[in-house]
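Below: start-v3.txt (compact mmCIF, C-alpha atoms and all ligand atoms)
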# COMPACT_ATOMS: atom_id res chain seq x y z
CA MET A 1 40.18 91.93 -17.30
CA ARG A 2 37.33 93.47 -15.32
CA LEU A 3 39.19 95.61 -12.80
CA TYR A 4 42.28 96.37 -14.87
CA PRO A 5 41.14 96.04 -18.48
CA PRO A 6 44.14 96.22 -20.85
CA VAL A 7 41.98 98.37 -23.15
CA TRP A 8 40.28 100.82 -20.80
CA ALA A 9 38.18 102.74 -23.37
CA ILE A 10 37.04 102.39 -26.96
CA GLY A 11 35.59 104.96 -29.33
CA ARG A 12 32.89 105.03 -31.96
CA GLU A 13 31.92 107.67 -34.47
CA VAL A 14 28.25 108.40 -35.02
CA VAL A 15 27.56 107.70 -38.70
CA GLY A 16 24.00 109.02 -38.73
CA GLU A 17 22.15 111.33 -36.36
CA PHE A 18 20.19 109.47 -33.71
CA GLU A 19 18.73 109.86 -30.25
CA LEU A 20 19.98 108.00 -27.22
CA ARG A 21 17.98 108.29 -23.98
CA GLY A 22 16.94 111.84 -24.74
CA PHE A 23 20.33 112.96 -26.08
CA SER A 24 20.45 113.91 -29.71
CA LEU A 25 23.72 112.70 -31.26
CA PRO A 26 24.77 114.41 -34.49
CA LYS A 27 26.55 112.66 -37.32
CA GLY A 28 30.32 112.72 -36.76
CA ALA A 29 30.08 112.87 -32.94
CA GLN A 30 32.70 110.85 -31.10
CA LEU A 31 31.52 108.49 -28.39
CA VAL A 32 33.72 106.89 -25.77
CA ALA A 33 32.76 103.76 -23.86
CA SER A 34 35.10 103.05 -20.97
CA GLN A 35 35.63 99.51 -19.72
CA TRP A 36 37.28 100.95 -16.60
CA VAL A 37 34.08 102.84 -15.69
CA VAL A 38 31.44 100.30 -16.74
CA HIS A 39 33.29 97.32 -15.20
CA ARG A 40 33.18 99.13 -11.84
CA ASP A 41 29.49 100.00 -11.92
CA PRO A 42 27.90 98.61 -8.72
CA ARG A 43 24.60 98.03 -10.55
CA TRP A 44 26.22 95.10 -12.36
CA PHE A 45 29.14 94.35 -10.05
CA PRO A 46 28.21 94.71 -6.39
CA ASN A 47 31.21 95.62 -4.23
CA PRO A 48 32.93 96.48 -7.52
CA GLU A 49 36.46 97.01 -6.20
CA ALA A 50 36.62 93.46 -4.80
CA PHE A 51 38.46 90.79 -6.76
CA ASP A 52 35.81 88.12 -6.54
CA PRO A 53 35.98 85.69 -9.47
CA GLY A 54 33.08 83.73 -7.93
CA ARG A 55 30.73 86.54 -8.98
CA TRP A 56 30.74 84.98 -12.46
CA LEU A 57 29.48 81.58 -11.28
CA PRO A 58 26.08 80.85 -12.89
CA GLU A 59 24.47 80.28 -9.49
CA ARG A 60 25.56 83.76 -8.40
CA ALA A 61 25.47 85.69 -11.67
CA GLY A 62 22.27 84.11 -13.01
CA PRO A 63 21.33 84.52 -16.65
CA ASP A 64 20.44 88.24 -16.38
CA ARG A 65 22.40 89.70 -13.49
CA ILE A 66 25.48 90.71 -15.48
CA PRO A 67 24.13 92.14 -18.74
CA ARG A 68 25.98 91.25 -21.92
CA TYR A 69 27.19 94.83 -22.48
CA ALA A 70 28.38 95.45 -18.91
CA TYR A 71 31.63 93.52 -19.51
CA PHE A 72 33.50 94.20 -22.75
CA PRO A 73 37.29 93.88 -22.36
CA PHE A 74 37.48 92.97 -26.06
CA GLY A 75 34.98 95.58 -27.25
CA LEU A 76 31.64 94.64 -28.76
CA GLY A 77 29.75 94.59 -32.01
CA PRO A 78 31.10 94.14 -35.53
CA ARG A 79 34.59 95.45 -34.57
CA ILE A 80 35.06 93.18 -31.56
CA CYS A 81 38.65 91.97 -31.09
CA ILE A 82 39.46 89.09 -33.42
CA GLY A 83 41.99 87.72 -30.88
CA ASN A 84 39.26 87.49 -28.22
CA HIS A 85 39.08 83.70 -27.89
CA PHE A 86 42.78 83.12 -28.39
CA ALA A 87 43.73 85.72 -25.74
CA THR A 88 41.20 84.32 -23.26
CA MET A 89 42.47 80.76 -23.72
CA GLU A 90 46.09 81.92 -23.40
CA ALA A 91 45.37 83.90 -20.23
CA VAL A 92 43.53 81.00 -18.59
CA LEU A 93 46.35 78.57 -19.41
CA VAL A 94 49.12 80.92 -18.23
CA LEU A 95 47.31 81.93 -15.04
CA ALA A 96 46.31 78.36 -14.21
CA THR A 97 49.88 77.12 -14.76
CA ILE A 98 51.39 79.82 -12.54
CA GLY A 99 48.56 79.76 -10.00
CA GLN A 100 48.81 75.99 -9.48
CA ARG A 101 52.41 76.39 -8.40
CA PHE A 102 52.63 79.78 -6.77
CA HIS A 103 50.68 82.19 -4.65
CA LEU A 104 51.66 85.73 -5.62
CA GLU A 105 51.76 88.53 -3.11
CA LEU A 106 52.50 92.21 -3.63
CA CYS A 107 55.52 93.15 -1.50
CA PRO A 108 54.56 95.51 1.34
CA GLY A 109 54.63 99.28 0.92
CA GLN A 110 53.71 99.32 -2.76
CA ARG A 111 50.79 100.91 -4.55
CA LEU A 112 49.32 99.91 -7.87
CA ASP A 113 49.64 102.97 -10.08
CA PHE A 114 48.67 102.91 -13.71
CA ASP A 115 49.61 104.68 -16.87
CA PRO A 116 46.48 104.83 -19.02
CA ALA A 117 48.12 104.99 -22.44
CA ILE A 118 46.34 103.32 -25.39
CA THR A 119 46.52 100.22 -23.23
CA LEU A 120 46.54 100.26 -19.46
CA ARG A 121 49.95 99.52 -18.02
CA PRO A 122 51.67 99.75 -14.64
CA LYS A 123 53.40 103.07 -14.03
CA ARG A 124 56.48 101.28 -12.69
CA HIS A 125 57.60 97.78 -11.86
CA HIS A 126 55.85 96.11 -8.99
CA ARG A 127 57.76 93.80 -6.70
CA MET A 128 55.94 90.53 -6.03
CA ARG A 129 56.75 87.66 -3.71
CA LEU A 130 56.13 84.13 -4.98
CA HIS A 131 55.13 81.49 -2.45
CA ARG A 132 55.41 77.95 -3.73
CA ARG A 133 52.22 75.95 -3.27
CA SER A 134 52.46 72.33 -2.19
CA THR A 135 49.37 71.01 -3.97
CA ASP A 136 48.87 67.74 -5.79
CA ALA A 137 48.42 69.69 -9.01
CA GLY A 138 51.79 71.37 -8.49
CA ALA A 139 53.44 68.06 -7.67
CA THR A 140 51.97 66.51 -10.83
CA LEU A 141 53.37 69.35 -12.90
CA GLU A 142 56.79 68.96 -11.24
CA ARG A 143 56.73 65.20 -11.87
CA GLY A 144 55.72 65.75 -15.50
CA ARG A 145 58.60 68.15 -15.99
CA ASP A 146 61.10 65.80 -14.35
CA GLU A 147 59.88 62.93 -16.53
CA ARG A 148 60.19 65.04 -19.67
CA ALA A 149 63.67 66.11 -18.61
CA GLN A 150 64.59 62.45 -18.08
CA VAL A 151 63.28 61.49 -21.55
CA LEU A 152 65.30 64.32 -23.10
CA ALA A 153 68.41 63.28 -21.15
CA ASP A 154 67.91 59.63 -22.24
CA GLY A 155 67.44 60.76 -25.85
CA ALA A 156 70.63 62.84 -25.68
CA SER A 157 72.68 59.97 -24.22
CA MET A 158 71.36 57.56 -26.92
CA ARG A 159 72.41 60.00 -29.65
CA SER A 160 75.89 60.59 -28.21
C1 LIG A 201 44.09 90.45 -23.54
C2 LIG A 201 44.32 90.58 -24.85
C3 LIG A 201 43.53 91.50 -25.75
C4 LIG A 201 42.64 92.52 -25.44
C5 LIG A 201 42.21 93.00 -24.06
C6 LIG A 201 42.17 93.06 -26.69
C7 LIG A 201 41.25 94.09 -26.78
C8 LIG A 201 40.80 94.63 -27.98
C9 LIG A 201 39.82 95.69 -28.09
C10 LIG A 201 39.12 96.37 -26.92
C11 LIG A 201 39.64 95.95 -29.40
C12 LIG A 201 38.71 97.03 -30.00
C13 LIG A 201 37.33 96.42 -30.22
C14 LIG A 201 36.27 97.44 -30.47
O1 LIG A 201 36.54 98.57 -30.92
O2 LIG A 201 35.09 97.11 -30.19
C15 LIG A 201 40.50 95.05 -30.14
C16 LIG A 201 40.58 95.00 -31.51
C17 LIG A 201 41.38 94.15 -32.21
N1 LIG A 201 42.18 93.15 -31.68
FE1 LIG A 201 42.43 92.74 -29.72
N2 LIG A 201 42.76 92.38 -27.73
C18 LIG A 201 43.59 91.41 -27.21
C19 LIG A 201 44.32 90.49 -27.91
C20 LIG A 201 44.37 90.40 -29.28
C21 LIG A 201 45.08 89.37 -30.03
C22 LIG A 201 45.86 88.21 -29.37
C23 LIG A 201 44.92 89.66 -31.34
C24 LIG A 201 45.42 88.94 -32.55
C25 LIG A 201 45.75 87.66 -32.55
C26 LIG A 201 44.08 90.84 -31.43
C27 LIG A 201 43.70 91.44 -32.60
C28 LIG A 201 42.81 92.50 -32.71
C29 LIG A 201 42.41 93.12 -33.98
C30 LIG A 201 42.88 92.74 -35.39
C31 LIG A 201 41.50 94.14 -33.66
C32 LIG A 201 40.77 95.09 -34.65
C33 LIG A 201 39.44 94.46 -35.01
C34 LIG A 201 38.62 95.38 -35.92
O3 LIG A 201 38.73 96.61 -35.83
O4 LIG A 201 37.81 94.85 -36.71
N3 LIG A 201 43.77 91.26 -30.16
N4 LIG A 201 41.18 94.26 -29.26
Exercise: express the given structure as structure tokens:
Amino acid sequence: MRLYPPVWAIGREVVGEFELRGFSLPKGAQLVASQWVVHRDPRWFPNPEAFDPGRWLPERAGPDRIPRYAYFPFGLGPRICIGNHFATMEAVLVLATIGQRFHLELCPGQRLDFDPAITLRPKRHHRMRLHRRSTDAGATLERGRDERAQVLADGASMRS
């Protein structure tokens, strides 16, 4: 969501003339704020190209280090995305479920190329290799699935 924001820019129309840092903005002017650009600004995200989820930890980010408006994958203000919390919860659940079981690796010889349409999407399919993890969490999930499958099978045999 920071490095490859699905929405990579949003627009706003100036409804009344105002001044912003010495620039006079007339009514009707179109402004573009790009998540792609701001999310890669080294002032807020040192070593910006690095995928480093730990940068968000409170002990590293601190209360002021990443300003509120430096990260806006869902936009900001009165027109902020209404699916914001739902999409975040869904992404965390899906990624945690996959990530507990598999380590994903881009197959060699491939580049990430993007097609910046209204939303940002890959230019072509990317081949990935999935490596199964052998963690306790993964084993628990496997066991849970087997148990559910057993319950379903028992239920089916009772009905037949
Ligand atoms: C990763 C998933 C999503 C991303 C990155 C995303 C991003 C955005 C962005 C950037 C905006 C424009 C906000 C602005 O102009 O400030 C927006 C608006 C909106 N989004 Fe999402 N969105 C996502 C998922 C969803 C979902 C799941 C729903 C519905 C359940 C949803 C419904 C809406 C609606 C209705 C608006 C228009 C809000 C308005 O103009 O008042 N979005 N979204």
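Distances to ligand LIG 201 (chain A) were evaluated for A:Leu93, A:Met128, A:Leu120, A:Val14 using all atoms listed in the file, and the minimum falls at A:Leu120.
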In the coordinate frame of the file, compute which residues have an atom within 10 Å of (43.2, 104.6, -27.1) when using all atoms listed in the file, and state them as a list in words.
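Checked against the point, the hits come out as Val7, Trp8, Ala9, Ile10, Gly11, Val32, Pro116, Ala117, Ile118, Thr119 and Leu120 of chain A.
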Set the distance at 12 Å and use all atoms listed in the file: which residues neighbour Phe51 in chain A once local chain neighbours fewer than 5 positions away are removed? I'd like the list as a short mmCIF file (atom, residue, chain, number, x, y, z; two decimals) with C-alpha atoms, in the coordinates of the input.
data_model
loop_
_atom_site.label_atom_id
_atom_site.label_comp_id
_atom_site.auth_asym_id
_atom_site.auth_seq_id
_atom_site.Cartn_x
_atom_site.Cartn_y
_atom_site.Cartn_z
CA MET A 1 40.18 91.93 -17.30
CA ARG A 2 37.33 93.47 -15.32
CA LEU A 3 39.19 95.61 -12.80
CA TYR A 4 42.28 96.37 -14.87
CA HIS A 39 33.29 97.32 -15.20
CA ARG A 40 33.18 99.13 -11.84
CA PHE A 45 29.14 94.35 -10.05
CA PRO A 46 28.21 94.71 -6.39
CA TRP A 56 30.74 84.98 -12.46
#
**Surroundings of ligand LIG 201 (chain A) up to 10 Å, based on all atoms listed in the file, as JSON, numbers by chain** = {"A": [1, 4, 5, 6, 7, 8, 9, 10, 11, 12, 33, 34, 35, 72, 73, 74, 75, 76, 77, 78, 79, 80, 81, 82, 83, 84, 85, 86, 87, 88, 89, 90, 91, 119, 120]}
### Task
Select all residues near (26.4, 107.1, -39.7) (cut-off 12 Å, inclusive, file coordinates), counting all atoms listed in the file, and output them as a VMD selection string.
chain A and resid 12 to 18 25 to 30
When you look at Arg133 in chain A with a cut-off of 8 Å (counting only C-alpha atoms), what residues show up, excluding the ones that are within fewer than 3 positions of it in the same chain? I need them as a tab-separated table (two decimals) with C-alpha atoms, keeping the file's coordinate frame.
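Printed below is part-v5.tsv as written:
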chain	number	residue	atom	x	y	z
A	100	GLN	CA	48.81	75.99	-9.48
A	101	ARG	CA	52.41	76.39	-8.40
A	102	PHE	CA	52.63	79.78	-6.77
A	103	HIS	CA	50.68	82.19	-4.65
A	138	GLY	CA	51.79	71.37	-8.49
Point to revise | Coordinates-based distance that separates CA of Leu57 in chain A from CA of His131 in chain A (Å, one decimal) | key: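 Between these atoms lies a distance of 27.1 Å.
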*asked:* When you count all atoms listed in the file, which of these residues is closest to Arg127 in chain A: A:Glu105, A:Glu49, A:Asp113, A:Glu19?
replied: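 Smallest separation from Arg127 in chain A among the options: A:Glu105.
The spacing separating CA of Asp115 in chain A from CA of Val94 in chain A amounts to 23.8 Å.
CA of Val38 in chain A is positioned 9.0 Å from CA of Tyr69 in chain A.
With distances taken over all atoms listed in the file, A:His126 is the one residue among A:Trp36, A:His126, A:Ala96, A:Arg121 lying closest to Gly109 in chain A.
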